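Colleague: My structure file final12.cif, mmCIF, C-alpha atoms and all ligand atoms, is below:
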```
data_work
loop_
_atom_site.label_atom_id
_atom_site.label_comp_id
_atom_site.auth_asym_id
_atom_site.auth_seq_id
_atom_site.Cartn_x
_atom_site.Cartn_y
_atom_site.Cartn_z
CA MET A 1 -83.98 -16.92 -60.97
CA LYS A 2 -82.01 -14.09 -62.46
CA SER A 3 -78.36 -13.84 -61.48
CA ASP A 4 -78.53 -10.25 -60.20
CA LEU A 5 -81.31 -11.32 -57.87
CA LEU A 6 -79.32 -14.32 -56.63
CA GLU A 7 -76.42 -11.97 -55.86
CA LEU A 8 -78.74 -9.78 -53.81
CA LEU A 9 -80.04 -12.74 -51.80
CA LYS A 10 -76.47 -13.71 -50.93
CA MET A 11 -75.95 -10.12 -49.87
CA VAL A 12 -78.77 -10.39 -47.33
CA ASN A 13 -76.83 -13.16 -45.58
CA GLN A 14 -73.52 -11.34 -45.77
CA ARG A 15 -74.97 -8.09 -44.49
CA GLN A 16 -77.39 -9.38 -41.88
CA ASP A 17 -75.68 -7.26 -39.19
CA GLU A 18 -76.77 -4.17 -41.10
CA LEU A 19 -80.32 -5.52 -41.19
CA VAL A 20 -80.24 -6.11 -37.43
CA ASP A 21 -78.84 -2.59 -36.93
CA LEU A 22 -81.70 -1.16 -38.98
CA LEU A 23 -84.26 -2.99 -36.84
CA SER A 24 -82.47 -1.91 -33.66
CA HIS A 25 -82.52 1.67 -34.89
CA LEU A 26 -86.30 1.51 -35.43
CA ILE A 27 -86.87 -0.02 -31.97
CA ARG A 28 -84.99 2.89 -30.34
CA TYR A 29 -87.71 5.31 -31.48
CA LYS A 30 -90.23 5.26 -28.64
CA THR A 31 -93.50 4.94 -30.52
CA PRO A 32 -95.98 3.19 -28.23
CA ALA A 33 -99.71 3.75 -28.78
CA PRO A 34 -101.25 4.59 -26.44
CA PRO A 35 -100.18 7.25 -25.61
CA ALA A 36 -99.40 7.80 -29.35
CA ARG A 37 -98.52 11.23 -30.88
CA ASN A 38 -94.85 10.22 -30.78
CA THR A 39 -93.92 8.96 -34.26
CA GLU A 40 -92.61 12.20 -35.83
CA ASP A 41 -88.89 11.37 -35.56
CA ALA A 42 -89.30 7.75 -36.62
CA GLN A 43 -91.43 8.75 -39.59
CA GLN A 44 -88.93 11.42 -40.62
CA PHE A 45 -86.25 8.72 -40.60
CA ILE A 46 -88.38 6.63 -43.00
CA ALA A 47 -89.03 9.68 -45.19
CA ASN A 48 -85.27 10.35 -45.41
CA PHE A 49 -84.47 6.68 -45.99
CA LEU A 50 -86.89 6.46 -48.93
CA GLY A 51 -86.12 9.96 -50.23
CA GLU A 52 -82.42 9.11 -50.49
CA ARG A 53 -83.37 6.16 -52.67
CA GLY A 54 -85.36 8.06 -55.23
CA PHE A 55 -88.86 7.87 -53.72
CA ALA A 56 -91.14 10.92 -53.94
CA ILE A 57 -92.20 11.59 -50.35
CA ASP A 58 -95.61 12.56 -49.04
CA LYS A 59 -95.68 13.14 -45.28
CA TRP A 60 -98.71 14.50 -43.49
CA ASP A 61 -100.06 14.63 -39.95
CA VAL A 62 -102.92 12.24 -39.31
CA TYR A 63 -102.85 13.54 -35.73
CA PRO A 64 -100.38 16.15 -34.44
CA GLY A 65 -97.13 14.28 -33.79
CA ASP A 66 -98.30 11.23 -35.74
CA PRO A 67 -97.61 11.68 -39.46
CA ASN A 68 -98.08 9.10 -42.19
CA VAL A 69 -95.24 8.72 -44.69
CA VAL A 70 -95.84 7.49 -48.22
CA GLY A 71 -92.96 7.10 -50.67
CA VAL A 72 -93.61 6.45 -54.34
CA LEU A 73 -90.93 5.11 -56.66
CA LYS A 74 -92.22 5.45 -60.19
CA GLY A 75 -91.49 2.41 -62.32
CA LYS A 76 -89.72 2.92 -65.63
CA ARG A 77 -92.61 1.18 -67.44
CA SER A 78 -95.52 1.90 -65.10
CA GLN A 79 -98.25 1.45 -67.65
CA GLU A 80 -97.35 -2.13 -68.51
CA TYR A 81 -96.11 -3.58 -65.23
CA GLN A 82 -97.77 -4.42 -61.92
CA SER A 83 -97.68 -1.92 -59.09
CA LEU A 84 -97.20 -2.72 -55.41
CA ILE A 85 -97.90 -1.13 -52.04
CA VAL A 86 -95.74 -2.24 -49.11
CA ASN A 87 -97.48 -1.22 -45.90
CA GLY A 88 -96.46 -1.26 -42.25
CA HIS A 89 -97.29 0.59 -39.04
CA MET A 90 -94.71 2.51 -37.02
CA ASP A 91 -96.64 2.55 -33.75
CA VAL A 92 -96.07 -0.29 -31.29
CA ALA A 93 -98.09 -1.74 -28.43
CA GLU A 94 -98.10 0.21 -25.19
CA VAL A 95 -95.73 -0.65 -22.38
CA SER A 96 -97.21 -0.62 -18.88
CA GLU A 97 -95.27 0.46 -15.82
CA THR A 98 -95.45 -3.00 -14.29
CA GLU A 99 -93.83 -4.85 -17.21
CA GLU A 100 -90.50 -6.30 -16.19
CA TRP A 101 -88.29 -6.26 -19.25
CA GLU A 102 -84.73 -7.57 -19.26
CA VAL A 103 -83.64 -4.12 -20.33
CA ASP A 104 -85.64 -1.04 -21.29
CA PRO A 105 -88.16 -2.05 -24.02
CA PHE A 106 -86.76 0.62 -26.34
CA THR A 107 -83.14 -0.44 -25.91
CA PRO A 108 -82.74 -3.33 -28.33
CA VAL A 109 -80.86 -6.41 -27.16
CA VAL A 110 -79.27 -8.75 -29.71
CA ARG A 111 -78.35 -12.19 -28.42
CA ASP A 112 -78.93 -15.93 -28.95
CA GLY A 113 -80.20 -15.34 -32.47
CA VAL A 114 -82.97 -12.93 -31.55
CA VAL A 115 -83.56 -9.19 -31.37
CA ILE A 116 -85.48 -8.17 -28.24
CA GLY A 117 -87.36 -4.89 -27.98
CA ARG A 118 -90.85 -3.44 -28.21
CA GLY A 119 -91.98 -3.76 -31.83
CA ALA A 120 -89.43 -6.44 -32.79
CA SER A 121 -92.22 -8.72 -34.03
CA ASP A 122 -95.10 -6.21 -34.24
CA MET A 123 -93.90 -4.85 -36.55
CA LYS A 124 -90.63 -3.02 -36.85
CA GLY A 125 -89.11 -6.33 -37.98
CA GLY A 126 -91.36 -6.32 -41.04
CA LEU A 127 -90.58 -2.67 -41.74
CA ALA A 128 -86.82 -3.26 -41.38
CA GLY A 129 -86.90 -6.28 -43.71
CA ALA A 130 -88.82 -4.43 -46.42
CA LEU A 131 -86.66 -1.30 -46.11
CA PHE A 132 -83.46 -3.35 -46.28
CA ALA A 133 -84.75 -5.09 -49.42
CA ILE A 134 -85.37 -1.68 -50.98
CA LYS A 135 -81.89 -0.54 -49.96
CA LEU A 136 -80.23 -3.54 -51.63
CA LEU A 137 -82.29 -3.18 -54.83
CA HIS A 138 -81.31 0.49 -54.97
CA GLU A 139 -77.62 -0.15 -54.34
CA ALA A 140 -77.57 -2.75 -57.10
CA GLY A 141 -78.92 -0.11 -59.47
CA ILE A 142 -81.98 -2.19 -60.31
CA GLU A 143 -84.69 -0.05 -61.87
CA LEU A 144 -88.08 -1.61 -61.30
CA PRO A 145 -90.53 -1.53 -64.22
CA GLY A 146 -93.67 -1.25 -62.04
CA ASP A 147 -94.51 1.41 -59.44
CA LEU A 148 -93.48 0.73 -55.84
CA THR A 149 -95.23 2.56 -53.00
CA PHE A 150 -94.03 2.30 -49.41
CA GLN A 151 -96.49 3.30 -46.67
CA SER A 152 -95.29 3.80 -43.10
CA VAL A 153 -98.45 4.50 -41.18
CA ILE A 154 -99.48 5.40 -37.63
CA GLY A 155 -102.24 4.45 -35.24
CA GLU A 156 -102.74 0.76 -35.96
CA GLU A 157 -102.57 -0.26 -32.31
CA VAL A 158 -105.34 2.15 -31.30
CA GLY A 159 -107.69 1.86 -34.27
CA GLU A 160 -106.55 5.13 -35.81
CA ALA A 161 -106.14 3.59 -39.24
CA GLY A 162 -103.31 5.51 -40.86
CA THR A 163 -103.78 3.03 -43.69
CA LEU A 164 -107.36 4.18 -44.25
CA GLU A 165 -106.00 7.73 -44.54
CA CYS A 166 -103.59 6.56 -47.28
CA CYS A 167 -106.50 4.96 -49.16
CA LYS A 168 -108.59 8.12 -48.77
CA ARG A 169 -105.68 10.17 -50.14
CA GLY A 170 -105.91 8.13 -53.31
CA TYR A 171 -102.96 5.75 -52.98
CA THR A 172 -103.68 2.52 -54.78
CA ALA A 173 -101.88 -0.34 -56.52
CA ASP A 174 -102.49 -3.69 -58.17
CA PHE A 175 -101.56 -5.40 -54.90
CA ALA A 176 -100.74 -4.48 -51.30
CA LEU A 177 -98.40 -6.39 -49.02
CA VAL A 178 -98.97 -5.70 -45.32
CA VAL A 179 -95.71 -6.60 -43.59
CA ASP A 180 -97.32 -7.16 -40.17
CA THR A 181 -96.68 -10.13 -37.85
CA SER A 182 -97.59 -13.42 -39.57
CA ASN A 183 -94.69 -15.77 -38.85
CA LEU A 184 -94.04 -15.89 -42.62
CA GLN A 185 -97.54 -17.18 -43.38
CA ILE A 186 -99.58 -15.57 -46.13
CA GLN A 187 -102.71 -14.43 -44.34
CA GLY A 188 -106.10 -12.85 -44.67
CA GLN A 189 -108.08 -11.85 -41.61
CA GLY A 190 -111.47 -11.62 -40.04
CA GLY A 191 -112.71 -8.20 -38.99
CA VAL A 192 -113.61 -6.34 -35.83
CA ILE A 193 -116.06 -3.56 -35.20
CA THR A 194 -116.88 -1.93 -31.90
CA GLY A 195 -120.25 -0.36 -31.16
CA TRP A 196 -122.34 1.30 -28.48
CA VAL A 197 -125.90 0.18 -27.79
CA THR A 198 -127.90 2.76 -25.83
CA VAL A 199 -131.17 2.31 -23.95
CA LYS A 200 -132.62 5.68 -22.96
CA SER A 201 -135.78 6.73 -21.20
CA LYS A 202 -137.59 9.85 -22.37
CA GLN A 203 -138.26 10.80 -18.73
CA THR A 204 -136.14 10.74 -15.61
CA HIS A 205 -137.95 9.27 -12.63
CA HIS A 206 -137.14 9.51 -8.94
CA ASP A 207 -136.28 6.35 -7.05
CA ALA A 208 -139.53 6.62 -5.05
CA THR A 209 -141.61 6.10 -8.23
CA ARG A 210 -140.30 2.58 -8.74
CA LYS A 211 -143.23 1.05 -6.86
CA SER A 212 -145.62 2.59 -9.38
CA MET A 213 -143.74 1.38 -12.44
CA ILE A 214 -143.30 -2.26 -11.39
CA HIS A 215 -146.33 -3.03 -9.20
CA ALA A 216 -149.67 -4.28 -10.43
CA GLY A 217 -151.92 -1.32 -10.98
CA GLY A 218 -149.16 1.23 -10.45
CA LYS A 219 -150.02 2.80 -13.83
CA LEU A 220 -146.62 4.49 -14.40
CA TYR A 221 -145.25 3.56 -17.81
CA GLY A 222 -141.53 3.69 -17.11
CA ALA A 223 -138.55 1.39 -16.78
CA SER A 224 -134.99 1.12 -15.58
CA ALA A 225 -132.66 1.39 -18.56
CA ILE A 226 -130.29 -0.98 -16.78
CA GLU A 227 -132.91 -3.70 -16.42
CA LYS A 228 -133.99 -3.29 -20.03
CA MET A 229 -130.35 -3.54 -21.14
CA MET A 230 -130.26 -6.99 -19.54
CA LYS A 231 -132.79 -8.12 -22.16
CA ILE A 232 -130.62 -6.66 -24.92
CA MET A 233 -127.57 -8.46 -23.57
CA GLN A 234 -129.52 -11.72 -23.52
CA GLY A 235 -130.49 -11.04 -27.15
CA LEU A 236 -126.85 -10.45 -28.10
CA GLN A 237 -125.86 -13.73 -26.47
CA ASP A 238 -128.58 -15.56 -28.40
CA LEU A 239 -127.33 -14.08 -31.65
CA GLU A 240 -123.71 -14.90 -30.78
CA ARG A 241 -124.70 -18.53 -30.18
CA HIS A 242 -126.72 -18.61 -33.41
CA TRP A 243 -123.70 -17.29 -35.34
CA SER A 244 -121.38 -19.84 -33.78
CA VAL A 245 -123.74 -22.63 -34.85
CA MET A 246 -124.49 -21.34 -38.33
CA LYS A 247 -121.28 -19.65 -39.51
CA SER A 248 -117.74 -20.92 -39.87
CA TYR A 249 -114.60 -20.17 -41.85
CA PRO A 250 -111.60 -22.38 -42.67
CA GLY A 251 -108.71 -21.72 -40.32
CA TYR A 252 -110.81 -20.42 -37.43
CA ASP A 253 -112.03 -22.31 -34.37
CA PRO A 254 -115.83 -22.59 -34.41
CA GLY A 255 -117.38 -19.66 -32.60
CA THR A 256 -114.56 -17.20 -33.27
CA ASN A 257 -117.28 -14.77 -34.41
CA THR A 258 -118.06 -13.37 -30.96
CA ILE A 259 -120.04 -10.44 -29.55
CA ASN A 260 -118.31 -9.29 -26.38
CA PRO A 261 -120.21 -7.04 -23.94
CA ALA A 262 -117.00 -5.27 -22.96
CA VAL A 263 -118.07 -2.20 -21.00
CA ILE A 264 -121.37 -1.12 -19.46
CA GLU A 265 -122.23 2.32 -18.18
CA GLY A 266 -125.61 3.30 -16.77
CA GLY A 267 -127.66 5.11 -14.19
CA ARG A 268 -126.97 8.46 -12.62
CA HIS A 269 -127.43 8.14 -8.86
CA ALA A 270 -129.04 5.91 -6.23
CA ALA A 271 -131.89 8.41 -5.86
CA PHE A 272 -133.07 7.88 -9.47
CA ILE A 273 -134.37 5.18 -11.74
CA ALA A 274 -131.61 4.56 -14.31
CA ASP A 275 -132.73 6.59 -17.33
CA GLU A 276 -129.85 5.62 -19.60
CA CYS A 277 -127.63 2.59 -20.06
CA ARG A 278 -124.86 2.21 -22.63
CA LEU A 279 -123.17 -1.02 -23.62
CA TRP A 280 -119.85 -1.11 -25.50
CA ILE A 281 -119.55 -4.26 -27.57
CA THR A 282 -116.76 -5.77 -29.64
CA VAL A 283 -117.85 -7.86 -32.61
CA HIS A 284 -115.58 -10.30 -34.44
CA PHE A 285 -116.60 -11.54 -37.88
CA TYR A 286 -115.18 -13.75 -40.62
CA PRO A 287 -113.15 -12.77 -43.72
CA ASN A 288 -116.13 -13.40 -46.02
CA GLU A 289 -118.35 -10.96 -44.09
CA THR A 290 -118.31 -7.17 -44.07
CA HIS A 291 -118.84 -4.97 -41.05
CA GLU A 292 -121.87 -3.46 -42.78
CA GLN A 293 -123.47 -6.92 -42.95
CA VAL A 294 -122.86 -7.88 -39.32
CA VAL A 295 -124.01 -4.47 -38.09
CA LYS A 296 -127.27 -4.93 -40.00
CA GLU A 297 -127.76 -8.40 -38.51
CA ILE A 298 -127.22 -7.16 -34.96
CA GLU A 299 -129.49 -4.15 -35.31
CA GLU A 300 -132.30 -6.18 -36.87
CA HIS A 301 -132.07 -8.85 -34.18
CA ILE A 302 -131.95 -6.41 -31.27
CA LEU A 303 -134.83 -4.34 -32.64
CA HIS A 304 -136.87 -7.56 -32.78
CA VAL A 305 -135.94 -8.24 -29.16
CA ALA A 306 -137.10 -4.70 -28.35
CA LYS A 307 -140.42 -5.23 -30.13
CA ALA A 308 -141.18 -8.14 -27.80
CA ASP A 309 -140.95 -5.89 -24.73
CA PRO A 310 -143.78 -3.43 -23.95
CA TRP A 311 -141.44 -0.62 -22.89
CA LEU A 312 -138.54 -1.17 -25.29
CA ARG A 313 -141.09 -1.28 -28.13
CA GLU A 314 -141.77 2.41 -27.49
CA ASN A 315 -138.20 3.21 -26.46
CA PRO A 316 -136.07 1.22 -28.89
CA PRO A 317 -132.31 1.08 -28.37
CA THR A 318 -130.03 3.12 -30.60
CA PHE A 319 -126.67 2.14 -32.08
CA GLU A 320 -123.39 3.89 -32.84
CA TRP A 321 -120.86 1.82 -34.75
CA GLY A 322 -117.11 2.00 -35.23
CA GLY A 323 -115.11 5.16 -34.72
CA SER A 324 -111.78 6.44 -35.85
CA SER A 325 -109.79 6.06 -32.64
CA MET A 326 -109.85 4.14 -29.38
CA ILE A 327 -108.20 7.20 -27.81
CA VAL A 328 -110.36 10.00 -29.19
CA ASP A 329 -113.83 8.58 -29.76
CA ARG A 330 -113.74 5.13 -28.15
CA GLY A 331 -114.43 3.15 -31.28
CA GLU A 332 -112.68 1.32 -34.08
CA ILE A 333 -113.17 -0.74 -37.21
CA PHE A 334 -110.84 -3.34 -38.68
CA PRO A 335 -112.44 -4.54 -41.92
CA SER A 336 -111.92 -8.13 -42.95
CA LEU A 337 -109.55 -9.28 -45.70
CA GLU A 338 -110.20 -12.36 -47.77
CA ILE A 339 -107.32 -13.92 -49.71
CA ASP A 340 -107.86 -15.27 -53.18
CA PRO A 341 -105.25 -18.05 -53.62
CA GLU A 342 -105.80 -17.84 -57.38
CA HIS A 343 -104.87 -14.15 -57.55
CA GLN A 344 -101.69 -13.63 -59.55
CA ALA A 345 -99.94 -11.73 -56.76
CA ILE A 346 -100.70 -14.41 -54.19
CA LYS A 347 -99.38 -17.05 -56.58
CA THR A 348 -96.27 -14.95 -57.15
CA LEU A 349 -95.74 -14.45 -53.41
CA MET A 350 -96.19 -18.17 -52.79
CA GLY A 351 -93.68 -18.89 -55.54
CA CYS A 352 -91.14 -16.42 -54.10
CA HIS A 353 -91.49 -17.97 -50.64
CA GLU A 354 -91.07 -21.47 -52.01
CA SER A 355 -88.13 -20.77 -54.32
CA THR A 356 -86.27 -18.69 -51.73
CA LEU A 357 -86.83 -20.76 -48.60
CA LYS A 358 -87.31 -24.20 -50.22
CA GLU A 359 -90.54 -24.81 -48.35
CA GLN A 360 -94.24 -24.60 -49.16
CA PRO A 361 -95.80 -21.42 -47.79
CA VAL A 362 -98.81 -21.66 -45.49
CA VAL A 363 -101.78 -19.67 -46.74
CA GLY A 364 -104.24 -19.01 -43.94
CA VAL A 365 -105.89 -16.49 -41.70
CA SER A 366 -104.55 -14.27 -38.97
CA PRO A 367 -105.95 -14.89 -35.49
CA THR A 368 -105.80 -11.13 -34.98
CA VAL A 369 -106.55 -8.03 -37.03
CA THR A 370 -104.24 -5.68 -38.91
CA ASP A 371 -104.55 -2.73 -41.28
CA GLY A 372 -104.81 -5.28 -44.13
CA GLY A 373 -108.59 -5.01 -43.97
CA TRP A 374 -108.52 -1.43 -45.20
CA PHE A 375 -107.11 -2.63 -48.52
CA GLY A 376 -109.86 -5.23 -48.74
CA ASP A 377 -112.35 -2.46 -47.99
CA ALA A 378 -110.82 -0.26 -50.73
CA GLY A 379 -110.96 -3.09 -53.26
CA ILE A 380 -107.16 -3.51 -53.41
CA PRO A 381 -106.11 -7.19 -53.34
CA ALA A 382 -103.80 -7.68 -50.37
CA ALA A 383 -102.17 -10.14 -48.01
CA ILE A 384 -100.47 -10.03 -44.63
CA TYR A 385 -96.96 -11.42 -44.74
CA GLY A 386 -94.39 -10.56 -42.10
CA PRO A 387 -91.82 -11.93 -39.68
CA GLY A 388 -92.42 -12.47 -35.98
CA GLU A 389 -94.84 -14.56 -33.97
CA LEU A 390 -98.04 -13.29 -32.45
CA LYS A 391 -97.20 -14.80 -29.08
CA HIS A 392 -94.35 -12.30 -28.91
CA ALA A 393 -96.34 -9.31 -30.15
CA HIS A 394 -97.37 -7.01 -27.29
CA SER A 395 -95.51 -9.27 -24.83
CA ILE A 396 -92.75 -8.63 -22.32
CA ASN A 397 -89.32 -9.15 -23.97
CA GLU A 398 -90.97 -9.00 -27.41
CA GLN A 399 -88.55 -10.52 -29.90
CA VAL A 400 -87.96 -11.71 -33.43
CA SER A 401 -85.65 -14.43 -34.72
CA ILE A 402 -82.76 -13.06 -36.78
CA GLN A 403 -82.84 -16.10 -39.05
CA GLN A 404 -86.51 -15.47 -39.78
CA LEU A 405 -85.84 -11.79 -40.37
CA VAL A 406 -83.14 -12.70 -42.88
CA ASP A 407 -85.43 -15.24 -44.59
CA TYR A 408 -88.20 -12.68 -44.67
CA THR A 409 -86.02 -10.01 -46.23
CA LYS A 410 -85.00 -12.42 -49.00
CA VAL A 411 -88.60 -13.31 -49.84
CA VAL A 412 -89.77 -9.70 -49.78
CA LEU A 413 -86.86 -8.64 -51.96
CA THR A 414 -87.68 -11.41 -54.42
CA PHE A 415 -91.37 -10.56 -54.39
CA ILE A 416 -90.84 -6.84 -54.96
CA TYR A 417 -88.58 -7.72 -57.87
CA GLU A 418 -90.78 -10.43 -59.40
CA TRP A 419 -94.11 -8.65 -59.03
CA SER A 420 -92.66 -5.48 -60.47
CA HIS A 421 -91.45 -7.48 -63.48
CA THR A 422 -94.90 -9.02 -64.02
CA LYS A 423 -96.90 -7.59 -66.91
CA LYS A 424 -100.37 -6.25 -66.17
ZN ZN B 1 -99.16 -4.98 -35.93
#
```
When written as structure tokens, how does the structure in this file appear?
Ligand SMILES: [Zn+2]

Modeller:
Amino acid sequence: MKSDLLELLKMVNQRQDELVDLLSHLIRYKTPAPPARNTEDAQQFIANFLGERGFAIDKWDVYPGDPNVVGVLKGKRSQEYQSLIVNGHMDVAEVSETEEWEVDPFTPVVRDGVVIGRGASDMKGGLAGALFAIKLLHEAGIELPGDLTFQSVIGEEVGEAGTLECCKRGYTADFALVVDTSNLQIQGQGGVITGWVTVKSKQTHHDATRKSMIHAGGKLYGASAIEKMMKIMQGLQDLERHWSVMKSYPGYDPGTNTINPAVIEGGRHAAFIADECRLWITVHFYPNETHEQVVKEIEEHILHVAKADPWLRENPPTFEWGGSSMIVDRGEIFPSLEIDPEHQAIKTLMGCHESTLKEQPVVGVSPTVTDGGWFGDAGIPAAIYGPGELKHAHSINEQVSIQQLVDYTKVVLTFIYEWSHTKK
């Protein structure tokens, strides 16, 4: 390892109070989502932080009051050396009225080797570590050969995909590091897509007509959308069971690929036959599947189920998939991310973890979903690698270990340095 880098790693130890202060500062910005629309000040802080260190800043509203910030630090030999995106989300999980925190969730507490506060592990810890690494590299006057892009995004907790907006805006790199909660494991992820299945009658019938539509010889070709939805739900359960038997992925418990009938809405009034029923489902799939594939499988299966029913055959269910916000349009997509352990960046990251912390890194899969999938979707190789444990994320007295935060900062600093000094 180069001597200037070794000096910087020592500096992380010596200046860990500054690192903790930076994390505490980020926690003090109240950025829970929902309700969202509250990240302006925090994002301006990031924009200033990066701007003062030579990054060209792009800040734009994804929603009013929720801007993305992207900082680009051009490498001195961009054409020849590898480029990197460091990505993290500024929004944190919501805090409900009934949660009994030691102190206010947005007043950080530092004690017994941990920092407590909403976002400590998910994921202001990851943001603080990466920002502190950038600060130390800048102070040491190290000019990176490859391009470094820092993305501080919004909306991750409510499916608003600030990261997707960065990809759409054209930001790309040879590799993306998502600094979300992973307990210092190098992770890919399965995906999630939500969808609405709708059963709808072409006519609305009065309650009194039911006898004619269900009795022998009644001769009224009609049905309750609620009763027909029960067949669809049975079909979804059959498919879920079939998937659990036939599909698997290393690192996941069998049957992690679930179809959850989460919300059902139907019928209009007791005086009518239900003419519409809508089912909101949440589908989990594996890293080697795409949401397009699983959507196709579900639609094909359910349309076969419908064909076997005399009324559904003529009134097939319809589907609406995904959405760009759980707040605005009640839908979301988290694409999957598959890690290639042979990819040069993954090997480099593994090497940085091992040389810095003197332990073998764990390469695996996240039990949850992050924005990492959007890079997979955009064809940008990526991995999730961040401090904090998932059991603390979203929990009361959310916390992160200071030792782990320090370790993390060292590895990220080393990785930014090493990857940027790797030839294309
Ligand atoms: Zn997160």

Colleague: So which residues are near ligand ZN 1 (chain B), meaning at most 9 Å away with all atoms listed in the file counted, given back as a ChimeraX atom specification?

Modeller: /A:88-93,119,121-124,156-157,179-181,369-371,393

Colleague: Glu139 in chain A: which residues within 10 Å, counting all atoms listed in the file, same-chain residues fewer than 5 positions away excluded, as a list in words?

Modeller: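 My list of contacting residues is Leu8, Arg53, Ala133 and Ile134 of chain A.
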
Colleague: Given all atoms listed in the file as the basis, pick out the residue of A:Thr194, A:Lys76, A:Arg118, A:Ile27 nearest to Glu99 in chain A.

Modeller: A:Arg118

Colleague: Rounded to one decimal, what separation in Å do you get between CA of Gly323 in chain A and CA of Gly159 in chain A?

Modeller: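 Value for the CA of Gly323 in chain A-CA of Gly159 in chain A distance: 8.1 Å.
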
Colleague: Measuring atom to atom with all atoms listed in the file, identify which of A:Phe106, A:Tyr81, A:Phe175, A:Phe45 is nearest to Pro381 in chain A.

Modeller: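 Nearest to Pro381 in chain A: A:Phe175.
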
Colleague: Grab all the atoms of range 263-274 of chain A that the file lists, wrap them in a box along x, y and z, add 5 Å per side, and give me centre plus edge lengths in Å (one decimal) as lines of an AutoDock Vina configuration file.

Modeller:
```
center_x = -126.2
center_y = 3.1
center_z = -13.4
size_x = 26.3
size_y = 20.7
size_z = 25.1
```

Colleague: In Å, with one decimal, what is the gap from CA of Thr31 in chain A to CA of Ile327 in chain A?

Modeller: 15.1 Å

Colleague: Here is a test: counting all atoms listed in the file, which residue of A:Gln14, A:Thr282, A:Asn48, A:Ser83 is nearest to Asp147 in chain A?

Modeller: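 So, comparing all the options, the nearest one is A:Ser83.
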
Colleague: Rounded to one decimal place, report the CA of Cys166 in chain A-CA of Leu73 in chain A distance in Å.

Modeller: 15.8 Å

Colleague: Would you kindly identify which residues have an atom no farther than 12 Å from (-116.5, 7.7, -26.4), using all atoms listed in the file and the file's own coordinates, and write them out as a ChimeraX atom specification?

Modeller: /A:194-196,263,265,278-280,320-332
